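Chemist: protein_16.txt is reproduced below (compact mmCIF, C-alpha atoms).
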# COMPACT_ATOMS: atom_id res chain seq x y z
CA MET A 1 -127.19 56.84 17.84
CA LEU A 2 -123.52 56.01 17.39
CA LEU A 3 -121.19 57.48 19.95
CA GLN A 4 -118.23 59.52 18.67
CA GLY A 5 -114.71 59.16 20.06
CA THR A 6 -114.96 62.22 22.29
CA ASP A 7 -118.34 61.08 23.65
CA LEU A 8 -116.83 57.75 24.56
CA GLN A 9 -113.94 59.52 26.24
CA ILE A 10 -116.33 61.61 28.33
CA LEU A 11 -118.26 58.50 29.31
CA THR A 12 -115.19 56.48 30.25
CA GLN A 13 -113.35 59.26 32.13
CA PRO A 14 -115.16 58.72 35.47
CA LEU A 15 -114.58 54.96 35.09
CA LEU A 16 -110.86 55.51 34.47
CA ARG A 17 -110.68 57.79 37.49
CA PHE A 18 -112.46 55.16 39.60
CA ASP A 19 -110.04 52.46 38.36
CA MET A 20 -107.08 54.64 39.21
CA ARG A 21 -108.47 55.36 42.67
CA SER A 22 -109.25 51.72 43.37
CA SER A 23 -105.77 50.73 42.14
CA VAL A 24 -104.14 53.27 44.47
CA LEU A 25 -106.30 52.11 47.39
CA ASP A 26 -105.41 48.46 46.65
CA TRP A 27 -101.75 49.42 46.61
CA LEU A 28 -102.12 51.29 49.91
CA GLY A 29 -104.01 48.34 51.42
CA ILE A 30 -101.34 45.82 50.38
CA ILE A 31 -98.48 47.83 51.93
CA LEU A 32 -100.46 48.49 55.11
CA LYS A 33 -101.46 44.84 55.52
CA ARG A 34 -97.97 43.53 54.77
CA ASP A 35 -96.17 45.94 57.12
CA LEU A 36 -98.68 45.55 59.93
CA ILE A 37 -98.41 41.74 59.80
CA ILE A 38 -94.61 42.04 59.97
CA ALA A 39 -94.79 44.58 62.82
CA PHE A 40 -97.14 42.42 64.89
CA ARG A 41 -95.02 39.32 64.38
CA ARG A 42 -91.97 41.31 65.52
CA SER A 43 -93.51 42.65 68.73
CA SER A 44 -90.42 44.68 69.71
CA THR A 45 -91.35 47.19 66.97
CA TYR A 46 -94.35 48.50 68.87
CA ILE A 47 -93.49 47.47 72.44
CA THR A 48 -90.09 49.24 72.61
CA PRO A 49 -91.36 52.82 72.01
CA LEU A 50 -94.29 52.22 74.35
CA VAL A 51 -92.11 50.89 77.19
CA PHE A 52 -89.57 53.69 76.60
CA PHE A 53 -92.35 56.30 76.83
CA LEU A 54 -93.72 54.88 80.09
CA ILE A 55 -90.27 54.48 81.67
CA VAL A 56 -89.36 58.12 80.92
CA ILE A 57 -92.69 59.28 82.38
CA THR A 58 -92.25 57.25 85.60
CA PHE A 59 -88.72 58.62 86.11
CA PHE A 60 -90.06 62.11 86.83
CA PRO A 61 -92.15 61.34 89.95
CA LEU A 62 -89.27 59.15 91.14
CA ALA A 63 -86.70 61.90 90.65
CA LEU A 64 -88.78 64.93 91.71
CA GLY A 65 -90.95 63.37 94.39
CA PRO A 66 -94.74 63.02 94.38
CA GLN A 67 -95.54 66.76 94.60
CA GLU A 68 -98.82 67.15 92.72
CA SER A 69 -98.46 70.83 91.81
CA LEU A 70 -94.89 70.45 90.54
CA LEU A 71 -95.64 67.33 88.49
CA SER A 72 -98.84 68.70 86.97
CA SER A 73 -97.07 71.91 85.93
CA LEU A 74 -94.27 69.87 84.31
CA ALA A 75 -96.65 67.29 82.78
CA PRO A 76 -97.21 68.97 79.36
CA GLY A 77 -93.50 69.24 78.63
CA VAL A 78 -92.62 65.84 80.08
CA ILE A 79 -95.36 63.97 78.18
CA TRP A 80 -94.51 65.74 74.95
CA ILE A 81 -90.74 65.21 75.16
CA ALA A 82 -91.22 61.54 76.06
CA ALA A 83 -93.69 61.09 73.18
CA LEU A 84 -91.37 62.82 70.74
CA LEU A 85 -88.32 60.76 71.69
CA ALA A 86 -90.30 57.50 71.79
CA SER A 87 -91.79 58.11 68.34
CA LEU A 88 -88.27 58.61 66.96
CA LEU A 89 -87.07 55.23 68.25
CA ALA A 90 -88.49 53.23 65.36
CA VAL A 91 -87.90 55.87 62.69
CA GLU A 92 -84.80 54.24 61.24
CA SER A 93 -86.74 51.06 60.50
CA ILE A 94 -89.34 52.77 58.26
CA PHE A 95 -87.44 52.03 55.05
CA SER A 96 -84.28 50.20 56.13
CA GLU A 97 -85.64 46.67 55.80
CA ASP A 98 -87.23 47.33 52.40
CA PHE A 99 -83.98 48.90 51.24
CA ARG A 100 -81.87 45.97 52.48
CA ASP A 101 -84.07 43.20 51.09
CA GLY A 102 -84.73 44.86 47.73
CA SER A 103 -88.48 45.49 48.19
CA LEU A 104 -87.89 49.20 47.72
CA ASP A 105 -86.55 48.57 44.18
CA ASP A 106 -89.77 46.74 43.40
CA PHE A 107 -91.86 49.73 44.54
CA PHE A 108 -89.93 52.19 42.39
CA VAL A 109 -89.92 49.97 39.31
CA SER A 110 -93.68 49.46 39.46
CA LEU A 111 -95.82 52.09 37.80
CA GLU A 112 -97.74 52.66 41.05
CA PRO A 113 -97.30 56.11 42.65
CA SER A 114 -94.31 56.14 45.01
CA PHE A 115 -96.09 58.79 47.08
CA ILE A 116 -98.51 56.07 48.21
CA LEU A 117 -95.65 53.87 49.37
CA VAL A 118 -94.32 56.65 51.60
CA PHE A 119 -97.79 57.55 52.87
CA ALA A 120 -98.49 53.90 53.74
CA LYS A 121 -95.14 53.59 55.51
CA VAL A 122 -95.88 56.73 57.54
CA MET A 123 -99.31 55.34 58.47
CA VAL A 124 -97.76 52.06 59.60
CA HIS A 125 -95.14 53.91 61.65
CA TRP A 126 -97.85 55.96 63.33
CA LEU A 127 -99.99 52.89 64.01
CA ILE A 128 -97.12 51.03 65.67
CA THR A 129 -95.59 53.95 67.59
CA GLY A 130 -97.92 56.97 67.66
CA LEU A 131 -101.12 55.11 68.49
CA PRO A 132 -99.71 53.11 71.44
CA ILE A 133 -98.15 56.33 72.79
CA LEU A 134 -101.48 58.09 72.38
CA ILE A 135 -103.21 55.37 74.39
CA ALA A 136 -100.44 55.27 77.03
CA SER A 137 -100.51 59.06 77.38
CA SER A 138 -103.70 58.76 79.49
CA LEU A 139 -101.77 56.66 81.98
CA ALA A 140 -98.89 59.15 81.80
CA ALA A 141 -101.33 61.98 82.53
CA ILE A 142 -102.57 60.15 85.66
CA ILE A 143 -98.99 59.47 86.84
CA LEU A 144 -98.14 63.17 86.43
CA TYR A 145 -101.38 64.46 88.04
CA LEU A 146 -102.58 66.19 84.88
CA PRO A 147 -106.16 67.42 85.54
CA LEU A 148 -108.91 65.49 83.78
CA GLU A 149 -109.97 68.62 81.78
CA SER A 150 -106.59 68.60 80.02
CA PHE A 151 -106.88 64.99 78.81
CA VAL A 152 -108.79 65.81 75.61
CA PRO A 153 -106.46 68.66 74.50
CA MET A 154 -103.46 66.46 75.32
CA ILE A 155 -104.84 63.56 73.23
CA LEU A 156 -105.74 65.89 70.34
CA SER A 157 -102.34 67.57 70.33
CA LEU A 158 -100.55 64.20 70.49
CA LEU A 159 -102.75 62.83 67.69
CA LEU A 160 -101.73 65.66 65.37
CA GLY A 161 -98.16 65.93 66.67
CA THR A 162 -97.21 62.25 66.52
CA SER A 163 -98.66 62.00 62.99
CA PHE A 164 -96.49 64.92 61.93
CA MET A 165 -93.50 63.33 63.68
CA SER A 166 -94.03 60.13 61.66
CA LEU A 167 -93.96 62.21 58.47
CA LEU A 168 -90.77 64.00 59.55
CA GLY A 169 -89.34 60.67 60.69
CA ALA A 170 -89.90 59.14 57.25
CA LEU A 171 -87.93 61.98 55.65
CA GLY A 172 -85.12 61.56 58.20
CA ALA A 173 -85.11 57.81 57.64
CA ALA A 174 -84.95 58.27 53.86
CA LEU A 175 -82.05 60.73 54.14
CA SER A 176 -80.07 58.46 56.45
CA LEU A 177 -80.84 55.15 54.72
CA GLY A 178 -78.00 52.67 55.08
CA LYS A 179 -76.21 54.93 57.59
CA SER A 180 -76.15 55.08 61.38
CA ALA A 181 -79.57 54.66 63.05
CA ILE A 182 -79.07 57.70 65.29
CA LEU A 183 -78.54 59.94 62.25
CA SER A 184 -82.23 59.95 61.35
CA ALA A 185 -83.14 61.10 64.88
CA ILE A 186 -80.50 63.86 64.71
CA ILE A 187 -81.91 65.04 61.37
CA VAL A 188 -85.49 65.03 62.63
CA LEU A 189 -85.11 66.51 66.14
CA PRO A 190 -84.43 70.17 65.16
CA PHE A 191 -87.44 70.14 62.83
CA SER A 192 -89.67 68.80 65.59
CA ILE A 193 -89.23 71.93 67.76
CA PRO A 194 -92.33 73.77 66.36
CA THR A 195 -94.47 70.66 66.97
CA LEU A 196 -93.08 70.37 70.50
CA LEU A 197 -93.76 74.05 71.25
CA MET A 198 -97.30 73.95 69.92
CA GLY A 199 -98.09 70.58 71.52
CA THR A 200 -96.94 71.68 74.97
CA SER A 201 -98.72 75.02 74.52
CA VAL A 202 -102.04 73.22 73.86
CA VAL A 203 -101.78 71.31 77.14
CA THR A 204 -100.39 74.26 79.14
CA PHE A 205 -103.12 76.61 77.86
CA SER A 206 -105.78 74.06 78.75
CA LEU A 207 -104.25 73.79 82.26
CA ASN A 208 -104.60 77.58 82.61
CA ASN A 209 -108.15 77.53 81.19
CA GLN A 210 -107.04 79.53 78.14
CA ASP A 211 -108.13 79.04 74.54
CA TYR A 212 -105.82 76.52 72.87
CA SER A 213 -107.74 76.01 69.61
CA GLY A 214 -105.33 78.24 67.64
CA PHE A 215 -102.41 75.91 68.37
CA LEU A 216 -104.47 72.88 67.40
CA MET A 217 -105.43 74.56 64.13
CA MET A 218 -101.78 75.36 63.43
CA MET A 219 -100.82 71.75 64.10
CA GLY A 220 -103.63 70.55 61.84
CA ALA A 221 -102.48 72.92 59.09
CA MET A 222 -98.89 71.68 59.45
CA LEU A 223 -100.11 68.11 59.10
CA ALA A 224 -102.30 68.94 56.09
CA ILE A 225 -99.39 70.63 54.31
CA GLY A 226 -96.90 68.05 55.58
CA ILE A 227 -98.69 65.01 54.12
CA PRO A 228 -98.19 65.90 50.44
CA MET A 229 -94.98 67.91 50.86
CA LEU A 230 -93.03 65.62 53.18
CA CYS A 231 -94.17 62.48 51.34
CA LEU A 232 -92.93 63.89 48.04
CA LEU A 233 -89.65 65.04 49.61
CA THR A 234 -89.23 61.57 51.11
CA VAL A 235 -89.70 59.96 47.68
CA GLU A 236 -86.92 62.19 46.32
CA ALA A 237 -84.71 61.43 49.32
CA LEU A 238 -85.22 57.69 48.79
CA LEU A 239 -84.25 57.97 45.13
CA LEU A 240 -81.00 59.72 46.14
CA ASN A 241 -79.90 56.41 47.67
CA TYR A 242 -79.75 54.76 44.25
CA ASP A 243 -77.36 57.25 42.72
CA MET B 1 -91.83 43.50 14.95
CA LEU B 2 -91.09 46.55 17.10
CA PRO B 3 -88.83 46.23 20.15
CA ASN B 4 -90.34 47.00 23.57
CA LEU B 5 -87.09 48.67 24.59
CA LYS B 6 -84.47 50.41 22.50
CA VAL B 7 -81.11 51.45 23.99
CA GLU B 8 -78.75 53.72 22.07
CA ASN B 9 -75.24 54.83 23.05
CA LEU B 10 -75.91 54.32 26.75
CA SER B 11 -73.00 55.27 29.03
CA CYS B 12 -72.57 55.40 32.75
CA VAL B 13 -69.78 57.14 34.67
CA ARG B 14 -69.17 56.76 38.40
CA SER B 15 -66.47 58.73 40.22
CA GLU B 16 -65.05 59.86 36.86
CA LYS B 17 -64.64 56.22 35.79
CA ALA B 18 -66.63 54.90 32.84
CA ILE B 19 -68.54 51.82 33.97
CA PHE B 20 -69.97 51.07 30.54
CA LYS B 21 -69.84 53.06 27.32
CA ASN B 22 -71.92 53.31 24.14
CA LEU B 23 -74.16 50.32 24.72
CA ASN B 24 -76.66 49.64 21.95
CA PHE B 25 -79.32 46.94 21.97
CA GLU B 26 -83.00 46.27 21.46
CA VAL B 27 -85.33 44.05 23.45
CA LEU B 28 -87.76 42.39 21.04
CA PRO B 29 -90.89 40.60 22.29
CA GLY B 30 -90.09 36.98 23.20
CA GLN B 31 -86.33 37.49 22.92
CA ASN B 32 -83.71 37.67 25.63
CA ILE B 33 -80.59 39.71 26.35
CA GLU B 34 -77.88 38.35 28.58
CA ILE B 35 -75.40 40.83 30.02
CA ILE B 36 -72.12 39.18 30.92
CA GLY B 37 -69.41 40.71 33.04
CA SER B 38 -67.14 40.24 36.02
CA ASN B 39 -67.80 41.58 39.52
CA GLY B 40 -68.03 45.37 39.50
CA SER B 41 -68.38 45.59 35.74
CA GLY B 42 -71.67 47.49 36.06
CA LYS B 43 -74.28 44.81 35.33
CA THR B 44 -76.55 45.84 38.22
CA THR B 45 -75.95 49.53 37.43
CA LEU B 46 -77.02 48.88 33.84
CA LEU B 47 -80.29 47.20 34.90
CA ARG B 48 -81.02 50.00 37.37
CA THR B 49 -80.19 52.64 34.76
CA LEU B 50 -82.55 51.04 32.26
CA LEU B 51 -85.34 51.10 34.84
CA GLY B 52 -84.70 54.72 35.80
CA LEU B 53 -83.47 53.98 39.33
CA ILE B 54 -80.11 55.51 38.43
CA ASN B 55 -79.71 58.55 36.19
CA LYS B 56 -78.00 57.83 32.90
CA GLU B 57 -74.92 59.77 31.89
CA GLU B 58 -75.44 59.69 28.13
CA GLY B 59 -77.55 57.86 25.62
CA ILE B 60 -81.18 57.14 24.88
CA ILE B 61 -83.50 54.65 26.55
CA ASN B 62 -86.74 54.41 24.63
CA TRP B 63 -89.81 52.38 25.53
CA LEU B 64 -92.58 51.38 23.17
CA ASP B 65 -95.97 52.78 24.17
CA GLU B 66 -99.54 51.66 23.39
CA ASP B 67 -99.56 53.75 20.18
CA ASN B 68 -96.36 52.08 18.90
CA ASN B 69 -94.34 55.23 19.50
CA PHE B 70 -91.04 55.28 21.33
CA ASN B 71 -90.63 57.58 24.28
CA GLU B 72 -88.53 58.04 27.40
CA TYR B 73 -91.32 57.12 29.77
CA ARG B 74 -92.30 53.53 30.36
CA THR B 75 -96.03 52.92 30.19
CA PHE B 76 -96.02 49.17 30.85
CA ASP B 77 -95.14 47.17 33.94
CA CYS B 78 -91.75 45.48 34.06
CA PHE B 79 -90.46 43.01 36.58
CA TYR B 80 -87.19 43.71 38.35
CA GLN B 81 -85.36 41.36 40.65
CA GLY B 82 -82.07 42.46 42.11
CA HIS B 83 -79.51 40.51 44.15
CA GLN B 84 -81.76 40.89 47.17
CA MET B 85 -84.95 39.19 46.23
CA GLY B 86 -87.41 41.24 48.27
CA ILE B 87 -88.34 38.26 50.41
CA LYS B 88 -89.71 39.13 53.83
CA ASN B 89 -88.52 36.69 56.51
CA MET B 90 -91.44 37.53 58.80
CA LEU B 91 -94.01 36.51 56.18
CA THR B 92 -95.02 33.03 55.08
CA VAL B 93 -94.24 31.67 51.62
CA PHE B 94 -97.84 32.42 50.54
CA GLU B 95 -97.85 35.93 52.03
CA ASN B 96 -94.58 36.73 50.26
CA LEU B 97 -96.49 36.37 47.00
CA LYS B 98 -99.93 37.56 48.01
CA LEU B 99 -98.75 40.81 49.61
CA THR B 100 -97.04 42.23 46.54
CA HIS B 101 -98.64 44.71 44.17
CA ASN B 102 -98.29 42.25 41.27
CA ALA B 103 -100.69 39.85 43.01
CA LYS B 104 -103.41 42.51 43.10
CA GLY B 105 -106.75 40.89 42.37
CA MET B 106 -105.37 37.34 42.30
CA ASN B 107 -107.13 34.64 44.27
CA GLU B 108 -105.54 32.04 46.54
CA GLU B 109 -105.77 29.29 43.93
CA ASP B 110 -103.83 31.28 41.29
CA ILE B 111 -101.11 32.12 43.81
CA ASN B 112 -100.84 28.48 44.91
CA LYS B 113 -100.43 27.46 41.26
CA CYS B 114 -97.46 29.85 40.91
CA LEU B 115 -95.88 28.35 44.03
CA GLU B 116 -96.49 24.77 42.92
CA ARG B 117 -94.93 25.56 39.53
CA VAL B 118 -91.64 26.32 41.28
CA GLY B 119 -91.91 23.34 43.62
CA LEU B 120 -93.00 25.12 46.79
CA TYR B 121 -95.78 23.23 48.55
CA LYS B 122 -95.42 24.26 52.21
CA ILE B 123 -97.07 27.60 51.66
CA ASN B 124 -97.56 28.42 55.34
CA GLU B 125 -93.91 28.00 56.21
CA MET B 126 -92.16 31.18 57.36
CA ALA B 127 -89.63 32.49 54.84
CA SER B 128 -87.08 32.79 57.66
CA ASP B 129 -87.02 28.98 57.85
CA LEU B 130 -86.15 28.57 54.16
CA SER B 131 -82.76 28.16 52.52
CA VAL B 132 -81.41 30.76 50.05
CA GLY B 133 -82.31 28.44 47.17
CA GLN B 134 -85.90 28.08 48.40
CA LYS B 135 -86.19 31.84 48.81
CA LYS B 136 -85.01 32.16 45.23
CA ARG B 137 -87.86 29.85 44.25
CA ILE B 138 -90.33 32.27 45.89
CA SER B 139 -88.83 35.07 43.81
CA ILE B 140 -89.20 32.94 40.66
CA ALA B 141 -92.85 32.26 41.57
CA ARG B 142 -93.31 36.04 41.53
CA TRP B 143 -92.40 36.09 37.83
CA LEU B 144 -95.55 34.08 37.20
CA LEU B 145 -97.98 36.42 38.96
CA LYS B 146 -98.50 38.50 35.85
CA ASP B 147 -97.38 38.47 32.22
CA PHE B 148 -94.78 41.22 32.17
CA LYS B 149 -93.41 42.46 28.86
CA ILE B 150 -89.82 42.55 30.11
CA TYR B 151 -88.20 40.85 33.10
CA PHE B 152 -84.97 42.40 34.39
CA ILE B 153 -83.28 39.77 36.52
CA ASP B 154 -79.92 40.26 38.21
CA GLU B 155 -77.94 36.99 38.28
CA PRO B 156 -80.91 34.61 38.31
CA PHE B 157 -78.71 31.49 38.26
CA SER B 158 -76.61 32.31 41.32
CA ALA B 159 -77.06 30.14 44.48
CA LEU B 160 -79.12 27.55 42.61
CA ASP B 161 -78.66 23.81 42.17
CA ASP B 162 -79.00 22.18 38.74
CA PRO B 163 -82.72 21.28 38.99
CA ALA B 164 -83.55 24.87 40.01
CA SER B 165 -81.42 26.27 37.15
CA ASP B 166 -83.26 23.98 34.72
CA LEU B 167 -86.57 25.18 36.18
CA ILE B 168 -85.59 28.80 35.51
CA LYS B 169 -84.65 27.96 31.92
CA GLU B 170 -88.00 26.19 31.45
CA ILE B 171 -89.93 29.14 32.85
CA ILE B 172 -87.97 31.61 30.73
CA ASN B 173 -88.84 29.53 27.65
CA GLU B 174 -92.52 29.40 28.63
CA LEU B 175 -92.67 33.16 29.18
CA ASN B 176 -90.78 33.80 25.92
CA LEU B 177 -93.49 31.88 24.08
CA LYS B 178 -96.06 34.24 25.61
CA GLY B 179 -94.06 37.18 24.20
CA SER B 180 -92.20 38.19 27.35
CA SER B 181 -88.51 39.10 27.15
CA PHE B 182 -85.74 38.70 29.70
CA VAL B 183 -82.78 40.97 30.33
CA ILE B 184 -80.57 38.98 32.68
CA THR B 185 -77.07 39.37 34.02
CA GLY B 186 -74.41 36.84 34.91
CA HIS B 187 -70.71 36.16 35.13
CA ARG B 188 -70.86 33.70 32.23
CA SER B 189 -73.36 32.62 29.61
CA SER B 190 -76.22 30.58 31.06
CA ASN B 191 -76.98 28.85 27.76
CA ILE B 192 -80.45 30.28 27.43
CA ASN B 193 -81.50 31.51 24.03
CA ALA B 194 -80.26 35.09 24.30
CA THR B 195 -78.21 37.80 22.65
CA LEU B 196 -75.00 38.17 24.64
CA ILE B 197 -73.68 41.59 25.62
CA GLU B 198 -70.32 41.77 27.34
CA ILE B 199 -69.58 44.73 29.56
Show me, as structure tokens, the structure contained in the file I just sent.

Modeler:
Amino acid sequence: MLLQGTDLQILTQPLLRFDMRSSVLDWLGIILKRDLIIAFRRSSTYITPLVFFLIVITFFPLALGPQESLLSSLAPGVIWIAALLASLLAVESIFSEDFRDGSLDDFFVSLEPSFILVFAKVMVHWLITGLPILIASSLAAIILYLPLESFVPMILSLLLGTSFMSLLGALGAALSLGKSAILSAIIVLPFSIPTLLMGTSVVTFSLNNQDYSGFLMMMGAMLAIGIPMLCLLTVEALLLNYD
Amino acid sequence: MLPNLKVENLSCVRSEKAIFKNLNFEVLPGQNIEIIGSNGSGKTTLLRTLLGLINKEEGIINWLDEDNNFNEYRTFDCFYQGHQMGIKNMLTVFENLKLTHNAKGMNEEDINKCLERVGLYKINEMASDLSVGQKKRISIARWLLKDFKIYFIDEPFSALDDPASDLIKEIINELNLKGSSFVITGHRSSNINATLIEI
């Protein structure tokens, strides 16, 4: 039986979709691999936020004294503020190098989806700042006498919160491309207040043995909405730099 | 033969000053366009406008699609190289080619051939250790990763010695024979086989 044009179309549609998906994944993989190699060769990219985070955390016991009850009650806020500021340190560099050396032009001229570029950049930023902070937060929790029961909620809230901060950071970096490095942090900080409030609430509620799952769900929802929305807004913000 | 790109009455205005006005040209397969102009005349702006990086003020930019129709949206891959060549100093010569989307699916041997064609043999050398001319050679090797229909190259002959300029001309000729076209910019004619447009 000879296949008609429409039959062929129906048969090839899943193949086309698979090709498209594999092309997008290849594209994502190339950006991730390239940026991670560069980040690891330039160790300051991931060491600076980590050291900054740990220094800020150690300042509190030094300044306030080693009172367990005081430090553990302050721990949620201290850990979260330190994590937030540390994750903003490398924000400016998300697109600046690609913009300066012309790689960004190449991304936009290619027919590959620009959304993937932004998503990959956000992932790299999180891997080099968010993930080390997440790991170091356990040490921070010990320094600040945070009870062991609050470790898991703290890690979960930081996992969601730092990911969202990387997304916000990418938008700030795109809006302040080619301008002062501090500008991106100034743009991002006001928008990070809801994340800060919910993140600290998760840890504080767990300290008081209260249900914190609602805050985690809210943070998860913000991240789920933020991935498509903030990535698309970042693409538009990047394109503004060409006009 | 239908052109891959058709430009009609293209104008660009920046800060109420016309950068270029009523440009008309076609890019036919295997043929080149050379845009000549002094500093600040809008050569880079023109390339970026053609590729949609900058919004056009007036005019029509039409691309040929698979069904031989002209439309505003480009459906084929083009190569663009601006003043900055997109070379990453923290990557090796090889990685600077391999880790680009145009090298998707290419094996090591194919990439090495591209590098050898432009005279780069130390593929594991860091790009930060190379001169500007050698970096330019990496960017030329990128032209060879895929057969693009149109190459948009901003001042390809700047910062190059005579052998490297001759190499570019050779490669342009080779790619022209495969049906690829070049839209290049420069301060003066580079003596390649091209239609000159002064802006």

Chemist: Pick out the residues sitting within 7 Å of stretch 39-52 of chain B, and hand them over as a ChimeraX atom specification; count only C-alpha atoms, and ignore anything fewer than 6 positions along from it in its own chain.

Modeler: /A:109 /B:19-20,61,152,154,185,199

Chemist: Quick check: residues of chain B within 8 Å of chain A, only C-alpha atoms, returned as a list in words.

Modeler: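 That gives the following set of residues: Leu51, Gly52, Leu53, Ile54, Asn55, Thr75, Phe76, Asp77, Cys78, Phe79, Tyr80, Gln81, Gly82, His83, Gln84, Met85, Gly86, Ile87, Lys88, Met90, Leu91, Leu99, Thr100, His101 and Lys104 of chain B.
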
Chemist: Can you tell me, as a CSV table (one decimal) with C-alpha atoms, in the frame of the given file, what residues are no more than 12 Å from B:Leu97 when counting all atoms listed in the file, ignoring any on the same chain fewer than 6 positions away?

Modeler:
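Everything below was put into result-v9.csv:
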chain,number,residue,atom,x,y,z
A,30,ILE,CA,-101.3,45.8,50.4
A,34,ARG,CA,-98.0,43.5,54.8
B,85,MET,CA,-85.0,39.2,46.2
B,86,GLY,CA,-87.4,41.2,48.3
B,87,ILE,CA,-88.3,38.3,50.4
B,88,LYS,CA,-89.7,39.1,53.8
B,91,LEU,CA,-94.0,36.5,56.2
B,103,ALA,CA,-100.7,39.8,43.0
B,104,LYS,CA,-103.4,42.5,43.1
B,106,MET,CA,-105.4,37.3,42.3
B,107,ASN,CA,-107.1,34.6,44.3
B,108,GLU,CA,-105.5,32.0,46.5
B,110,ASP,CA,-103.8,31.3,41.3
B,111,ILE,CA,-101.1,32.1,43.8
B,112,ASN,CA,-100.8,28.5,44.9
B,113,LYS,CA,-100.4,27.5,41.3
B,114,CYS,CA,-97.5,29.8,40.9
B,115,LEU,CA,-95.9,28.4,44.0
B,120,LEU,CA,-93.0,25.1,46.8
B,123,ILE,CA,-97.1,27.6,51.7
B,124,ASN,CA,-97.6,28.4,55.3
B,127,ALA,CA,-89.6,32.5,54.8
B,135,LYS,CA,-86.2,31.8,48.8
B,137,ARG,CA,-87.9,29.8,44.2
B,138,ILE,CA,-90.3,32.3,45.9
B,139,SER,CA,-88.8,35.1,43.8
B,140,ILE,CA,-89.2,32.9,40.7
B,141,ALA,CA,-92.8,32.3,41.6
B,142,ARG,CA,-93.3,36.0,41.5
B,143,TRP,CA,-92.4,36.1,37.8
B,144,LEU,CA,-95.6,34.1,37.2
B,145,LEU,CA,-98.0,36.4,39.0
B,146,LYS,CA,-98.5,38.5,35.8

Chemist: Looking at B:Val93, B:Cys12, B:Ile184, B:Ala159, which one is nearest to B:Glu58, with distances taken over only C-alpha atoms?

Modeler: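 Once distances to B:Glu58 are computed over only C-alpha atoms, the minimum belongs to B:Cys12.
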
Chemist: So what do you get for atom CA of B:Tyr73 versus atom CA of A:Ala237, distance-wise?

Modeler: 21.1 Å

Chemist: Hey, what's within 12 Å of B:Leu160 if we count all atoms listed in the file and toss same-chain stuff fewer than 5 positions away? As a ChimeraX atom specification, please?

Modeler: /B:131-137,140,155,165-168

Chemist: Using all atoms listed in the file, determine which residues lie at most 7 Å from stretch 83-89 of chain A, disregarding the query and same-chain residues fewer than 2 positions distant; provide the list as a list in words.

Modeler: Pro49, Phe52, Phe53, Ile79, Trp80, Ile81, Val91, Thr129, Gly130, Ile133, Gly169 and Ala185 of chain A

Chemist: Hey, can you spit out that residue selection with C-alpha atoms as a tab-separated table (two decimals), keeping the file's coordinate frame?

Modeler:
chain	number	residue	atom	x	y	z
A	49	PRO	CA	-91.36	52.82	72.01
A	52	PHE	CA	-89.57	53.69	76.60
A	53	PHE	CA	-92.35	56.30	76.83
A	79	ILE	CA	-95.36	63.97	78.18
A	80	TRP	CA	-94.51	65.74	74.95
A	81	ILE	CA	-90.74	65.21	75.16
A	91	VAL	CA	-87.90	55.87	62.69
A	129	THR	CA	-95.59	53.95	67.59
A	130	GLY	CA	-97.92	56.97	67.66
A	133	ILE	CA	-98.15	56.33	72.79
A	169	GLY	CA	-89.34	60.67	60.69
A	185	ALA	CA	-83.14	61.10	64.88

Chemist: Work out how far atom CA of A:Ile155 is from atom CA of A:Ile135, in Å to one decimal.

Modeler: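 Those two atoms sit 8.4 Å apart.
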
Chemist: Rounded to one decimal place, report the atom CA of A:Leu117-atom CA of B:Gly105 distance in Å.

Modeler: 18.5 Å

Chemist: Which residue out of B:Asn32, B:Asn191, B:Asn24, B:Ser128 has the minimum interatomic distance to B:Ile150 when all atoms listed in the file are used?

Modeler: B:Asn32

Chemist: Show me, as a list in words, the residues that have an atom within 6 Å of B:Pro3 when counting only C-alpha atoms, minus same-chain residues fewer than 5 positions from it.

Modeler: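 That gives Glu26, Val27 and Leu28 of chain B.
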
Chemist: Tell me which of B:Leu130, B:Phe94, B:Ile36, B:Lys149 sits closest to B:Asp65, counting all atoms listed in the file.

Modeler: B:Lys149

Chemist: Please, can stretch 88-94 of chain A be completed to N, CA and C atoms and returned as an mmCIF file, keeping the file's coordinate frame?

Modeler:
data_model
loop_
_atom_site.group_PDB
_atom_site.id
_atom_site.type_symbol
_atom_site.label_atom_id
_atom_site.label_comp_id
_atom_site.auth_asym_id
_atom_site.auth_seq_id
_atom_site.Cartn_x
_atom_site.Cartn_y
_atom_site.Cartn_z
ATOM 1 N N LEU A 88 -89.452 58.616 67.835
ATOM 2 C CA LEU A 88 -88.270 58.610 66.960
ATOM 3 C C LEU A 88 -87.486 57.292 67.046
ATOM 4 N N LEU A 89 -87.829 56.477 68.058
ATOM 5 C CA LEU A 89 -87.070 55.230 68.250
ATOM 6 C C LEU A 89 -87.129 54.306 67.042
ATOM 7 N N ALA A 90 -88.328 54.185 66.460
ATOM 8 C CA ALA A 90 -88.490 53.230 65.360
ATOM 9 C C ALA A 90 -88.366 53.869 63.981
ATOM 10 N N VAL A 91 -87.953 55.137 63.955
ATOM 11 C CA VAL A 91 -87.900 55.870 62.690
ATOM 12 C C VAL A 91 -86.965 55.227 61.666
ATOM 13 N N GLU A 92 -85.815 54.793 62.145
ATOM 14 C CA GLU A 92 -84.800 54.240 61.240
ATOM 15 C C GLU A 92 -85.336 53.035 60.458
ATOM 16 N N SER A 93 -86.256 52.300 61.125
ATOM 17 C CA SER A 93 -86.740 51.060 60.500
ATOM 18 C C SER A 93 -87.812 51.285 59.431
ATOM 19 N N ILE A 94 -88.235 52.523 59.217
ATOM 20 C CA ILE A 94 -89.340 52.770 58.260
ATOM 21 C C ILE A 94 -88.999 52.209 56.877
#
